[in-house]
>>> print(open('start_33.txt').read())   # compact mmCIF, C-alpha atoms and all ligand atoms
# COMPACT_ATOMS: atom_id res chain seq x y z
CA MET A 596 126.74 130.51 104.33
CA ASP A 597 129.08 130.63 101.34
CA LEU A 598 127.87 133.52 99.18
CA TYR A 599 129.60 132.25 96.04
CA SER A 600 127.66 128.96 96.19
CA VAL A 601 124.45 130.86 96.97
CA ALA A 602 125.05 133.04 93.89
CA LYS A 603 125.47 129.96 91.67
CA GLU A 604 122.39 128.29 93.09
CA LYS A 605 120.12 131.38 92.89
CA GLY A 606 121.45 132.86 89.64
CA ILE A 607 122.89 135.99 91.31
CA LYS A 608 125.37 137.78 89.04
CA TYR A 609 126.13 140.79 91.23
CA PHE A 610 126.04 141.65 94.92
CA LEU A 611 125.46 145.07 96.43
CA ILE A 612 127.60 145.24 99.56
CA SER A 613 126.01 148.11 101.41
CA PHE A 614 126.12 150.02 104.67
CA VAL A 615 124.20 152.93 106.18
CA ASP A 616 126.39 155.81 107.38
CA MET A 617 125.66 157.96 110.45
CA PHE A 618 123.37 160.29 108.49
CA GLY A 619 121.33 157.38 107.15
CA SER A 620 122.70 157.42 103.59
CA LEU A 621 122.86 154.01 101.95
CA ARG A 622 126.30 153.38 100.40
CA ALA A 623 127.29 150.37 98.32
CA LYS A 624 129.75 148.67 96.02
CA LEU A 625 128.51 146.53 93.17
CA VAL A 626 130.55 143.34 93.25
CA PRO A 627 130.44 140.56 90.62
CA ALA A 628 129.61 137.17 92.12
CA THR A 629 132.98 135.89 90.88
CA ALA A 630 134.70 138.20 93.42
CA ILE A 631 132.38 137.67 96.39
CA SER A 632 134.39 134.99 98.22
CA ALA A 633 137.25 137.34 99.13
CA MET A 634 134.84 140.18 99.91
CA GLN A 635 132.82 137.95 102.22
CA LYS A 636 135.97 137.37 104.29
CA GLU A 637 137.88 140.63 103.96
CA GLY A 638 135.06 143.09 103.24
CA ALA A 639 134.63 145.70 100.50
CA GLY A 640 136.90 148.75 100.88
CA PHE A 641 135.53 152.30 101.25
CA ALA A 642 137.12 155.68 101.99
CA GLY A 643 135.17 156.54 105.16
CA PHE A 644 135.75 160.30 104.77
CA ALA A 645 133.81 160.22 101.50
CA THR A 646 130.68 159.28 103.49
CA TRP A 647 129.10 160.74 106.68
CA MET A 648 131.37 158.80 109.02
CA ASP A 649 133.59 161.40 110.76
CA MET A 650 136.82 160.08 109.30
CA THR A 651 139.69 161.83 107.55
CA PRO A 652 141.21 161.25 104.10
CA ALA A 653 144.28 159.92 105.94
CA ASN A 654 142.37 157.03 107.57
CA SER A 655 142.97 153.51 106.34
CA ASP A 656 140.32 151.64 104.35
CA THR A 657 136.94 151.13 105.99
CA LEU A 658 135.98 147.55 105.28
CA ALA A 659 132.32 146.64 104.88
CA ILE A 660 131.99 142.98 105.83
CA PRO A 661 128.65 141.68 104.55
CA ASP A 662 126.28 139.75 106.81
CA PRO A 663 125.19 136.73 104.71
CA GLU A 664 122.04 136.40 106.85
CA SER A 665 120.88 139.79 105.50
CA LEU A 666 120.91 138.66 101.85
CA ILE A 667 117.93 139.85 99.80
CA GLN A 668 117.63 138.80 96.17
CA LEU A 669 116.02 141.78 94.40
CA PRO A 670 112.55 140.59 93.34
CA TRP A 671 112.46 143.13 90.50
CA LYS A 672 116.00 142.24 89.37
CA PRO A 673 116.84 138.71 90.57
CA GLU A 674 120.37 138.77 89.17
CA LEU A 675 121.23 141.12 92.08
CA GLY A 676 121.73 140.21 95.73
CA TRP A 677 121.66 142.96 98.40
CA LEU A 678 123.73 142.59 101.56
CA ALA A 679 123.89 144.70 104.72
CA ALA A 680 127.43 145.06 106.07
CA ASP A 681 129.20 145.96 109.32
CA LEU A 682 132.09 148.40 109.12
CA TRP A 683 135.58 147.46 110.28
CA MET A 684 138.81 149.48 110.32
CA ASP A 685 142.33 148.45 111.36
CA GLY A 686 141.08 145.06 112.55
CA LYS A 687 138.34 146.49 114.81
CA PRO A 688 134.62 147.22 114.40
CA VAL A 689 133.98 150.92 113.68
CA GLU A 690 132.52 152.45 116.86
CA SER A 691 130.26 154.84 114.94
CA CYS A 692 128.87 152.27 112.48
CA PRO A 693 125.08 152.31 113.04
CA ARG A 694 124.65 148.57 112.43
CA VAL A 695 127.49 147.74 114.85
CA ILE A 696 125.91 150.00 117.48
CA LEU A 697 122.52 148.31 117.11
CA LYS A 698 124.04 144.82 117.32
CA ARG A 699 125.68 145.76 120.63
CA GLN A 700 122.33 146.81 122.09
CA ILE A 701 120.75 143.57 120.88
CA GLU A 702 123.55 141.58 122.53
CA LYS A 703 122.81 143.13 125.95
CA PHE A 704 119.19 141.99 125.78
CA LYS A 705 120.17 138.57 124.43
CA ASN A 706 122.47 138.04 127.42
CA ASN A 707 119.37 138.33 129.59
CA GLY A 708 117.41 135.87 127.44
CA ILE A 709 115.42 138.60 125.68
CA VAL A 710 114.84 139.40 122.02
CA ALA A 711 113.51 142.85 121.13
CA LYS A 712 110.98 142.97 118.28
CA SER A 713 109.83 145.92 116.28
CA GLY A 714 107.73 146.91 113.30
CA VAL A 715 108.07 150.21 111.44
CA GLU A 716 105.56 152.29 109.48
CA CYS A 717 107.49 154.13 106.76
CA GLU A 718 105.43 156.93 105.26
CA PHE A 719 106.49 158.41 101.94
CA PHE A 720 105.38 160.81 99.22
CA LEU A 721 105.30 160.10 95.51
CA LEU A 722 106.50 163.24 93.71
CA ASP A 723 107.33 164.13 90.16
CA ASN A 724 110.95 163.89 89.03
CA SER A 725 111.83 167.41 90.14
CA GLY A 726 111.06 166.49 93.75
CA GLU A 727 109.19 169.79 94.10
CA LYS A 728 105.65 168.84 93.13
CA LEU A 729 103.21 166.01 93.75
CA TYR A 730 103.10 163.63 90.80
CA ASP A 731 99.32 163.30 91.01
CA THR A 732 97.77 166.69 90.23
CA GLN A 733 94.28 165.24 90.84
CA ASP A 734 95.15 164.45 94.47
CA THR A 735 93.76 167.65 96.02
CA GLN A 736 91.30 166.68 98.78
CA GLU A 737 91.49 168.46 102.12
CA LYS A 738 91.15 165.09 103.87
CA PRO A 739 92.89 162.70 101.45
CA CYS A 740 93.55 159.89 103.95
CA TYR A 741 92.48 156.43 102.67
CA ASP A 742 91.27 158.02 99.39
CA GLN A 743 90.59 154.95 97.24
CA GLN A 744 90.64 156.83 93.93
CA ALA A 745 94.07 158.38 94.59
CA LEU A 746 95.40 155.06 95.93
CA MET A 747 94.26 153.20 92.83
CA ARG A 748 95.77 155.78 90.45
CA ARG A 749 99.11 154.55 91.90
CA TYR A 750 98.13 150.86 91.90
CA ASP A 751 100.94 149.90 89.50
CA VAL A 752 103.64 151.26 91.81
CA ILE A 753 102.14 150.24 95.16
CA SER A 754 101.23 146.71 94.05
CA GLU A 755 104.67 146.19 92.53
CA ILE A 756 106.32 147.09 95.85
CA CYS A 757 103.82 144.93 97.76
CA ASP A 758 104.39 142.00 95.38
CA CYS A 759 108.11 142.27 96.13
CA MET A 760 107.46 142.10 99.88
CA LEU A 761 105.18 139.08 99.37
CA LYS A 762 107.90 137.36 97.39
CA LEU A 763 110.48 138.14 100.08
CA GLY A 764 108.25 136.63 102.80
CA TRP A 765 107.90 139.84 104.83
CA ASN A 766 104.15 139.25 105.23
CA PRO A 767 102.89 142.65 104.09
CA TYR A 768 99.26 143.12 105.17
CA GLN A 769 97.97 146.54 104.11
CA ASN A 770 98.69 149.57 101.90
CA ASP A 771 96.96 152.93 101.95
CA HIS A 772 96.89 156.55 100.93
CA GLU A 773 97.98 158.51 104.00
CA ASP A 774 96.92 161.82 105.46
CA ALA A 775 98.79 164.13 103.07
CA ASN A 776 98.11 164.55 99.36
CA GLY A 777 100.58 162.30 97.53
CA GLN A 778 101.43 160.33 100.68
CA PHE A 779 101.34 156.54 101.12
CA GLU A 780 102.10 153.90 103.73
CA MET A 781 102.76 150.19 103.36
CA ASN A 782 102.86 147.81 106.34
CA TRP A 783 104.59 144.50 106.80
CA ASP A 784 105.02 142.19 109.84
CA PHE A 785 107.14 143.03 112.87
CA THR A 786 110.15 140.88 113.74
CA ASP A 787 113.48 141.11 115.59
CA VAL A 788 114.96 144.61 115.50
CA LEU A 789 118.03 143.80 113.38
CA THR A 790 115.95 142.18 110.63
CA THR A 791 113.50 145.09 110.83
CA ALA A 792 116.34 147.62 110.52
CA ASP A 793 117.77 145.77 107.48
CA ARG A 794 114.29 145.56 105.90
CA HIS A 795 113.59 149.21 106.69
CA THR A 796 116.83 150.14 104.89
CA PHE A 797 115.96 147.90 101.95
CA PHE A 798 112.34 149.13 101.84
CA LYS A 799 113.51 152.71 101.29
CA TYR A 800 115.84 151.59 98.51
CA MET A 801 113.15 149.38 96.94
CA THR A 802 110.45 152.05 97.09
CA LYS A 803 112.70 154.69 95.54
CA SER A 804 113.86 152.25 92.82
CA ILE A 805 110.38 151.06 91.82
CA ALA A 806 109.04 154.63 91.89
CA GLU A 807 111.90 155.67 89.57
CA LYS A 808 111.01 152.82 87.21
CA HIS A 809 107.55 154.36 86.91
CA GLY A 810 108.93 157.88 86.34
CA LEU A 811 108.18 159.07 89.90
CA ARG A 812 110.29 160.12 92.84
CA ALA A 813 109.61 158.65 96.30
CA THR A 814 110.66 160.72 99.30
CA PHE A 815 110.77 159.93 103.01
CA MET A 816 111.69 163.55 103.84
CA PRO A 817 110.12 164.45 107.21
CA LYS A 818 108.25 167.54 106.00
CA PRO A 819 108.35 168.07 102.22
CA PHE A 820 105.42 170.54 102.23
CA THR A 821 104.70 173.06 105.01
CA HIS A 822 100.90 172.74 104.86
CA LEU A 823 100.73 168.94 104.60
CA THR A 824 101.23 166.14 107.13
CA GLY A 825 104.86 165.02 107.27
CA ASN A 826 106.44 161.58 106.89
CA GLY A 827 106.52 159.77 110.20
CA CYS A 828 108.20 156.46 110.86
CA HIS A 829 106.34 155.07 113.86
CA ALA A 830 107.88 152.05 115.58
CA HIS A 831 106.01 149.37 117.55
CA ILE A 832 108.03 147.73 120.30
CA SER A 833 107.82 144.56 122.39
CA LEU A 834 110.28 142.32 124.27
CA TRP A 835 110.08 138.55 124.01
CA ASP A 836 111.44 135.74 126.17
CA ILE A 837 113.80 133.75 123.94
CA LYS A 838 113.15 130.40 125.68
CA SER A 839 109.36 130.50 125.95
CA ASN A 840 108.76 132.83 122.96
CA LYS A 841 106.33 134.78 125.15
CA ASN A 842 105.63 138.49 124.84
CA MET A 843 107.07 139.99 128.04
CA PHE A 844 105.20 143.28 127.51
CA ALA A 845 101.75 141.68 127.83
CA ASP A 846 99.84 141.58 131.13
CA ALA A 847 96.05 141.22 131.18
CA ASN A 848 95.94 142.32 134.85
CA ASP A 849 97.58 145.73 134.29
CA SER A 850 96.18 148.16 136.91
CA ARG A 851 96.72 151.09 134.52
CA GLY A 852 94.29 149.44 132.12
CA LEU A 853 96.51 149.17 129.04
CA GLN A 854 97.37 145.46 129.37
CA LEU A 855 101.08 146.17 129.58
CA SER A 856 103.49 144.49 132.00
CA GLU A 857 105.64 146.17 134.64
CA LEU A 858 108.66 145.48 132.38
CA ALA A 859 106.95 147.31 129.51
CA TYR A 860 106.28 150.31 131.77
CA GLN A 861 109.91 150.35 132.89
CA PHE A 862 111.09 150.21 129.27
CA LEU A 863 108.65 152.96 128.39
CA GLY A 864 109.83 154.97 131.41
CA GLY A 865 113.39 154.80 130.09
CA ILE A 866 112.33 156.01 126.64
CA LEU A 867 110.30 158.92 128.05
CA HIS A 868 113.08 159.84 130.48
CA ASN A 869 115.52 160.09 127.55
CA ALA A 870 113.09 161.30 124.86
CA GLN A 871 114.60 164.77 124.53
CA GLY A 872 118.05 163.23 123.98
CA LEU A 873 116.73 160.56 121.62
CA CYS A 874 115.13 163.26 119.48
CA ALA A 875 118.43 163.91 117.66
CA LEU A 876 118.46 160.24 116.58
CA PHE A 877 114.74 159.94 115.86
CA ASN A 878 114.53 163.36 114.12
CA PRO A 879 118.01 163.85 112.72
CA THR A 880 117.63 166.65 110.16
CA VAL A 881 116.92 170.38 110.13
CA ASN A 882 113.72 169.54 108.27
CA SER A 883 112.59 167.07 110.99
CA TYR A 884 111.63 169.90 113.35
CA LYS A 885 109.14 171.24 110.85
CA ARG A 886 107.17 168.00 111.31
CA ILE A 887 107.16 167.79 115.11
CA ASN A 888 106.03 170.96 116.88
CA THR A 889 103.72 171.76 113.95
CA VAL A 890 100.47 173.36 115.02
CA SER A 891 98.29 171.81 112.34
CA THR A 892 98.05 170.93 108.65
CA SER A 893 95.38 171.34 105.96
CA SER A 894 93.97 167.89 106.88
CA GLY A 895 93.36 169.09 110.45
CA ALA A 896 96.11 167.29 112.43
CA SER A 897 99.90 166.94 112.30
CA TRP A 898 99.77 163.39 113.75
CA SER A 899 103.11 164.15 115.42
CA PRO A 900 103.94 164.96 119.05
CA SER A 901 105.53 168.02 120.64
CA THR A 902 105.52 166.92 124.31
CA VAL A 903 106.85 163.87 126.14
CA THR A 904 103.64 162.08 127.12
CA TYR A 905 102.02 158.68 126.67
CA SER A 906 98.44 157.53 126.42
CA GLY A 907 96.24 154.58 125.52
CA ASN A 908 94.87 154.22 121.99
CA ASN A 909 95.26 157.95 121.32
CA ARG A 910 97.34 159.31 118.44
CA THR A 911 97.96 162.78 119.88
CA HIS A 912 100.77 161.61 122.22
CA LEU A 913 104.41 160.67 121.73
CA VAL A 914 103.58 157.10 122.73
CA ARG A 915 100.35 155.29 121.97
CA VAL A 916 99.33 151.86 123.25
CA PRO A 917 97.21 150.56 120.36
CA ALA A 918 96.85 146.98 121.63
CA PRO A 919 97.91 144.78 124.56
CA GLY A 920 101.59 143.87 124.77
CA ARG A 921 103.21 146.59 122.68
CA PHE A 922 103.50 150.33 122.35
CA GLU A 923 103.94 152.65 119.39
CA LEU A 924 106.57 155.38 119.40
CA ARG A 925 105.30 158.19 117.18
CA LEU A 926 108.28 160.53 117.36
CA MET A 927 110.48 159.14 114.59
CA ASP A 928 110.36 160.52 111.06
CA GLY A 929 111.35 159.32 107.61
CA ALA A 930 114.91 160.61 107.99
CA ALA A 931 115.63 158.46 111.05
CA ASN A 932 118.54 156.09 110.50
CA PRO A 933 116.99 152.58 110.57
CA TYR A 934 119.77 151.24 112.83
CA LEU A 935 120.31 154.23 115.13
CA MET A 936 116.58 154.54 115.63
CA GLN A 937 116.27 150.95 116.94
CA ALA A 938 119.53 151.29 118.89
CA GLY A 939 118.20 154.44 120.58
CA ILE A 940 114.96 152.68 121.53
CA LEU A 941 116.86 149.79 123.08
CA ALA A 942 119.34 152.05 124.89
CA GLY A 943 116.51 154.09 126.44
CA GLY A 944 114.51 150.97 127.28
CA GLN A 945 117.46 149.16 128.83
CA TYR A 946 118.07 152.14 131.11
CA GLY A 947 114.41 152.12 132.14
CA ILE A 948 114.62 148.42 133.06
CA ASP A 949 117.94 148.78 134.91
CA GLU A 950 116.70 151.75 136.92
CA LYS A 951 113.08 150.53 137.19
CA ILE A 952 111.79 153.88 135.90
CA ASN A 953 108.12 154.58 136.49
CA PRO A 954 106.57 156.41 133.53
CA GLY A 955 103.63 157.63 135.66
CA ASP A 956 100.03 157.20 134.61
CA PRO A 957 98.88 157.51 131.00
CA LEU A 958 97.37 160.86 130.05
CA HIS A 959 93.92 160.40 128.58
CA ILE A 960 93.58 163.82 126.97
CA ASN A 961 93.61 165.25 123.45
CA MET A 962 97.11 166.75 123.27
CA TYR A 963 96.25 168.79 120.18
CA THR A 964 93.39 170.66 121.85
CA GLU A 965 94.32 170.43 125.56
CA PRO A 966 98.14 170.70 125.68
CA TYR A 967 97.85 172.95 128.78
CA GLU A 968 96.76 169.82 130.70
CA ALA A 969 100.31 168.48 130.25
CA LYS A 970 102.17 171.64 131.29
CA GLU A 971 104.51 169.82 133.66
CA HIS A 972 105.68 167.38 130.96
CA GLU A 973 108.89 167.99 129.04
CA LYS A 974 108.67 169.59 125.59
CA LEU A 975 110.61 168.23 122.63
CA PRO A 976 113.48 170.34 121.27
CA LYS A 977 112.39 173.00 118.79
CA ASN A 978 115.22 172.52 116.32
CA LEU A 979 118.21 170.35 115.43
CA LEU A 980 120.68 172.54 117.31
CA ASP A 981 118.80 172.18 120.62
CA ALA A 982 118.38 168.45 119.99
CA ILE A 983 122.12 167.91 119.46
CA ARG A 984 122.98 169.94 122.56
CA ILE A 985 120.64 167.75 124.62
CA LEU A 986 121.94 164.49 123.10
CA GLU A 987 125.54 165.48 123.74
CA LYS A 988 124.83 165.97 127.46
CA ASN A 989 122.72 162.81 127.89
CA ASN A 990 124.97 160.45 129.86
CA VAL A 991 122.60 157.49 129.60
CA LEU A 992 122.75 157.50 125.80
CA ARG A 993 126.47 158.34 125.88
CA GLU A 994 127.18 155.34 128.06
CA ASN A 995 124.90 152.96 126.16
CA LEU A 996 125.62 153.99 122.57
CA GLY A 997 129.29 154.91 123.11
CA SER A 998 131.03 158.26 123.67
CA GLU A 999 132.94 158.04 120.40
CA PHE A 1000 129.68 157.75 118.45
CA ILE A 1001 127.91 160.56 120.36
CA ASP A 1002 130.90 162.88 119.83
CA SER A 1003 131.22 162.05 116.10
CA PHE A 1004 127.50 162.31 115.45
CA SER A 1005 127.20 165.63 117.34
CA LYS A 1006 130.25 167.11 115.63
CA MET A 1007 128.93 166.31 112.16
CA LYS A 1008 125.41 167.49 113.00
CA TYR A 1009 126.78 170.82 114.32
CA GLU A 1010 128.52 171.22 110.96
CA GLU A 1011 125.22 170.48 109.20
CA TRP A 1012 123.44 173.06 111.35
CA ASN A 1013 126.10 175.67 110.55
CA LYS A 1014 125.75 175.03 106.82
CA TYR A 1015 121.98 175.37 107.13
CA CYS A 1016 122.37 178.70 108.95
CA GLN A 1017 124.55 179.99 106.15
CA SER A 1018 121.77 179.46 103.61
CA MET A 1019 119.18 182.23 103.42
CA SER A 1020 115.46 181.52 103.21
CA ASP A 1021 112.68 183.38 101.37
CA TRP A 1022 111.08 184.00 104.76
CA GLU A 1023 114.07 186.08 105.86
CA ARG A 1024 114.00 188.26 102.78
CA LEU A 1025 110.24 188.79 102.96
CA ASN A 1026 110.29 189.68 106.65
CA VAL A 1027 113.54 191.53 107.15
CA ILE A 1028 114.01 193.44 103.89
CA ASP A 1029 112.20 196.52 105.14
CA CYS A 1030 113.82 196.60 108.56
MG MG B 1 100.80 156.51 109.20
>>> encode(input="start_33.txt", output="structure tokens")
Amino acid sequence: MDLYSVAKEKGIKYFLISFVDMFGSLRAKLVPATAISAMQKEGAGFAGFATWMDMTPANSDTLAIPDPESLIQLPWKPELGWLAADLWMDGKPVESCPRVILKRQIEKFKNNGIVAKSGVECEFFLLDNSGEKLYDTQDTQEKPCYDQQALMRRYDVISEICDCMLKLGWNPYQNDHEDANGQFEMNWDFTDVLTTADRHTFFKYMTKSIAEKHGLRATFMPKPFTHLTGNGCHAHISLWDIKSNKNMFADANDSRGLQLSELAYQFLGGILHNAQGLCALFNPTVNSYKRINTVSTSSGASWSPSTVTYSGNNRTHLVRVPAPGRFELRLMDGAANPYLMQAGILAGGQYGIDEKINPGDPLHINMYTEPYEAKEHEKLPKNLLDAIRILEKNNVLRENLGSEFIDSFSKMKYEEWNKYCQSMSDWERLNVIDC
């Protein structure tokens, strides 16, 4: 696909050549269509050190080579075309580039005739411009989930985002007010994991942009308010046979009663086996650990897990099986890197298939009221530091995602943790001042 011709045909004046760094930040250069031909071949140049990519100022240019297949013409500004890019340096793909890492996982499945599909549920808050307060001061109910009045007060923003998804052909199918005051969720169709990761990235950009247009600030921060439900980013997973286009996770004769296949259980076994290590990828910020491990919120539930368990159609576990042929991972939060999140799922799942891991039987209990029933199950890390220490030592993820990436990611996250520890909280002053 020649991007210059596409620009002429579609009336695109500028391209955003973008990539997501290891910490999930979206970086871009704005390139006039007249210059796109060279950029399509050579890539747009970035100083990697200036982003979260574990490089030094002495490194050569990091080149972001756009994937023409990822092109999205901005529905709210059609003169702009957005492109996801893969990072290259010194003639080689960058080992720690999240999109490169995900593509490698996809390749392994493809070699076995399998395509992995996923859908994501990105929760977000609409705040005022300061980012400190809810925009809607009337949104005060103790149980605000599905509140029609509060949803419709934001109709202009939500419908504009949904209209964009309709125009882009993502097949959006529902929008609602979520469980926290000021919180929303918008759902669109699942598809192959790379497309979902690109759309997830674009959805965050689109939601923030359209919210800004309306004088609001959208945030995907895992836990913006201590007493309210946090922003999850649940992912639904299934594997499909490329030739027959059949869902390989579906089996109506499942003896465990969830209508999942043996392959699905093995995949699930691999995820559960590596869940503590995956936590650093699924919950990558200091703030993430204030969402998981929460006791409760003003609405009555945190909707997030703290233990490595799975169940049927039961939202109190790390994994839920809401319908035949797929499962929902409920651990991820709004800070999860769209590419590393999917790459982590595939790496864990691949290990489960290779080693034929048995996840055991589903636990049909309420984990919020009966956690003692799951005493023998592993607990999730309590903070980012513990999560990074576990990830660093996880040889399955190291082997599958690459040692260079695990080392770079851990190094930079340790630095983040140290910076966090140097900042003092109000809690410390209030509780230690009279020591
Ligand atoms: Mg939700």
>>> closest_atom_pairs(input="start_33.txt", of="chain A", to="ligand MG 1 (chain B)", cutoff="9 Å", atoms="only C-alpha atoms and all ligand atoms", output="Markdown table")
| residue | atom | partner | partner_atom | distance |
| --- | --- | --- | --- | --- |
| A:Glu716 | CA | B:MG1 | MG | 6.4 |
| A:Cys717 | CA | B:MG1 | MG | 7.5 |
| A:Glu718 | CA | B:MG1 | MG | 6.1 |
| A:Asp771 | CA | B:MG1 | MG | 9.0 |
| A:Glu773 | CA | B:MG1 | MG | 6.2 |
| A:Asp774 | CA | B:MG1 | MG | 7.6 |
| A:Phe779 | CA | B:MG1 | MG | 8.1 |
| A:Glu780 | CA | B:MG1 | MG | 6.2 |
| A:Met781 | CA | B:MG1 | MG | 8.8 |
| A:Asn826 | CA | B:MG1 | MG | 7.9 |
| A:Gly827 | CA | B:MG1 | MG | 6.7 |
| A:Cys828 | CA | B:MG1 | MG | 7.6 |
| A:His829 | CA | B:MG1 | MG | 7.4 |
| A:Trp898 | CA | B:MG1 | MG | 8.3 |
>>> closest_residue(input="start_33.txt", among="A:Trp677, A:Phe797, A:Tyr963, A:Phe820", to="Lys728 in chain A", atoms="only C-alpha atoms")
A:Phe820
>>> atom_distance(input="start_33.txt", atom1="CA of Asp846 in chain A", atom2="CA of Gly920 in chain A")
7.0 Å
>>> residues_around(input="start_33.txt", residues="range 804-814 of chain A", least_positions_apart="4", cutoff="6 Å", atoms="all atoms listed in the file", output="number ranges by chain")
A: 719-724
>>> closest_residue(input="start_33.txt", among="A:Arg984, A:His959, A:Lys705, A:Lys636", to="Gly872 in chain A", atoms="all atoms listed in the file")
A:Arg984
>>> closest_residue(input="start_33.txt", among="A:Leu625, A:Met1019, A:Leu761, A:Ala659", to="Val689 in chain A", atoms="all atoms listed in the file")
A:Ala659
>>> atom_distance(input="start_33.txt", atom1="CA of Arg749 in chain A", atom2="CA of Pro819 in chain A")
19.4 Å
>>> atom_distance(input="start_33.txt", atom1="CA of Leu823 in chain A", atom2="CA of Ser897 in chain A")
8.0 Å
>>> closest_residue(input="start_33.txt", among="A:Tyr750, A:Tyr768, A:Phe614, A:Trp835", to="Gly708 in chain A", atoms="all atoms listed in the file")
A:Trp835
>>> closest_residue(input="start_33.txt", among="A:Thr880, A:Ser713, A:Ser856, A:Asn1013", to="Gly619 in chain A", atoms="only C-alpha atoms")
A:Thr880
>>> closest_residue(input="start_33.txt", among="A:Phe644, A:Phe922, A:Phe862, A:Phe1004", to="Leu876 in chain A", atoms="only C-alpha atoms")
A:Phe1004
>>> residues_around(input="start_33.txt", residues="Asn908 in chain A", least_positions_apart="4", cutoff="12 Å", atoms="all atoms listed in the file", output="number ranges by chain")
A: 852-854, 912-919, 921-923, 957-961
>>> residues_around(input="start_33.txt", residues="range 661-671 of chain A", least_positions_apart="5", cutoff="7 Å", atoms="all atoms listed in the file", output="list of chain:residue names")
A:Met596, A:Leu598, A:Ile612, A:Gln635, A:Gly638, A:Gly676, A:Trp677, A:Leu678, A:Ala679, A:Ala680, A:Asp681, A:Cys759, A:Lys762
>>> residues_around(input="start_33.txt", residues="Trp647 in chain A", least_positions_apart="3", cutoff="12 Å", atoms="only C-alpha atoms", output="list in words")
Phe614, Val615, Asp616, Met617, Phe618, Gly619, Ser620, Leu621, Arg622, Phe641, Ala642, Gly643, Phe644, Met650, Thr651, Ser691, Cys692, Pro693, Ser1003, Phe1004, Ser1005, Lys1006, Met1007, Lys1008, Glu1010 and Glu1011 of chain A
>>> residues_near_point(input="start_33.txt", point="(96.8, 167.0, 111.5)", cutoff="10 Å", atoms="only C-alpha atoms", output="list in words")
Lys738, Asp774, Ala775, His822, Leu823, Thr824, Gly825, Thr889, Val890, Ser891, Thr892, Ser893, Ser894, Gly895, Ala896, Ser897, Trp898, Ser899, Thr911 and Tyr963 of chain A
>>> residues_around(input="start_33.txt", residues="Glu971 in chain A", least_positions_apart="3", cutoff="10 Å", atoms="only C-alpha atoms", output="ChimeraX atom specification")
/A:902-903,967-968,974
>>> decode(input="start_33.txt", residues="range 615-626 of chain A", atoms="N, CA and C atoms", output="mmCIF file, in the first residue's frame")
data_model
loop_
_atom_site.group_PDB
_atom_site.id
_atom_site.type_symbol
_atom_site.label_atom_id
_atom_site.label_comp_id
_atom_site.auth_asym_id
_atom_site.auth_seq_id
_atom_site.Cartn_x
_atom_site.Cartn_y
_atom_site.Cartn_z
ATOM 1 N N VAL A 615 4.147 3.170 20.633
ATOM 2 C CA VAL A 615 3.912 3.127 22.076
ATOM 3 C C VAL A 615 5.210 2.657 22.724
ATOM 4 N N ASP A 616 5.735 3.442 23.682
ATOM 5 C CA ASP A 616 6.988 3.029 24.325
ATOM 6 C C ASP A 616 6.709 1.994 25.415
ATOM 7 N N MET A 617 7.743 1.575 26.132
ATOM 8 C CA MET A 617 7.575 0.483 27.106
ATOM 9 C C MET A 617 6.590 0.825 28.217
ATOM 10 N N PHE A 618 6.500 2.112 28.555
ATOM 11 C CA PHE A 618 5.586 2.520 29.639
ATOM 12 C C PHE A 618 4.178 2.798 29.136
ATOM 13 N N GLY A 619 3.945 2.596 27.836
ATOM 14 C CA GLY A 619 2.606 2.772 27.291
ATOM 15 C C GLY A 619 2.315 4.175 26.781
ATOM 16 N N SER A 620 3.315 5.063 26.792
ATOM 17 C CA SER A 620 3.080 6.420 26.277
ATOM 18 C C SER A 620 3.058 6.404 24.756
ATOM 19 N N LEU A 621 2.103 7.132 24.203
ATOM 20 C CA LEU A 621 1.971 7.199 22.745
ATOM 21 C C LEU A 621 2.799 8.383 22.240
ATOM 22 N N ARG A 622 3.765 8.091 21.372
ATOM 23 C CA ARG A 622 4.677 9.116 20.831
ATOM 24 C C ARG A 622 4.423 9.229 19.335
ATOM 25 N N ALA A 623 4.622 10.428 18.776
ATOM 26 C CA ALA A 623 4.340 10.562 17.342
ATOM 27 C C ALA A 623 5.121 11.696 16.710
ATOM 28 N N LYS A 624 5.255 11.619 15.396
ATOM 29 C CA LYS A 624 5.670 12.766 14.592
ATOM 30 C C LYS A 624 4.549 13.048 13.598
ATOM 31 N N LEU A 625 4.337 14.332 13.391
ATOM 32 C CA LEU A 625 3.299 14.773 12.456
ATOM 33 C C LEU A 625 3.982 15.048 11.123
ATOM 34 N N VAL A 626 3.654 14.248 10.130
ATOM 35 C CA VAL A 626 4.397 14.283 8.866
ATOM 36 C C VAL A 626 3.460 14.707 7.726
#
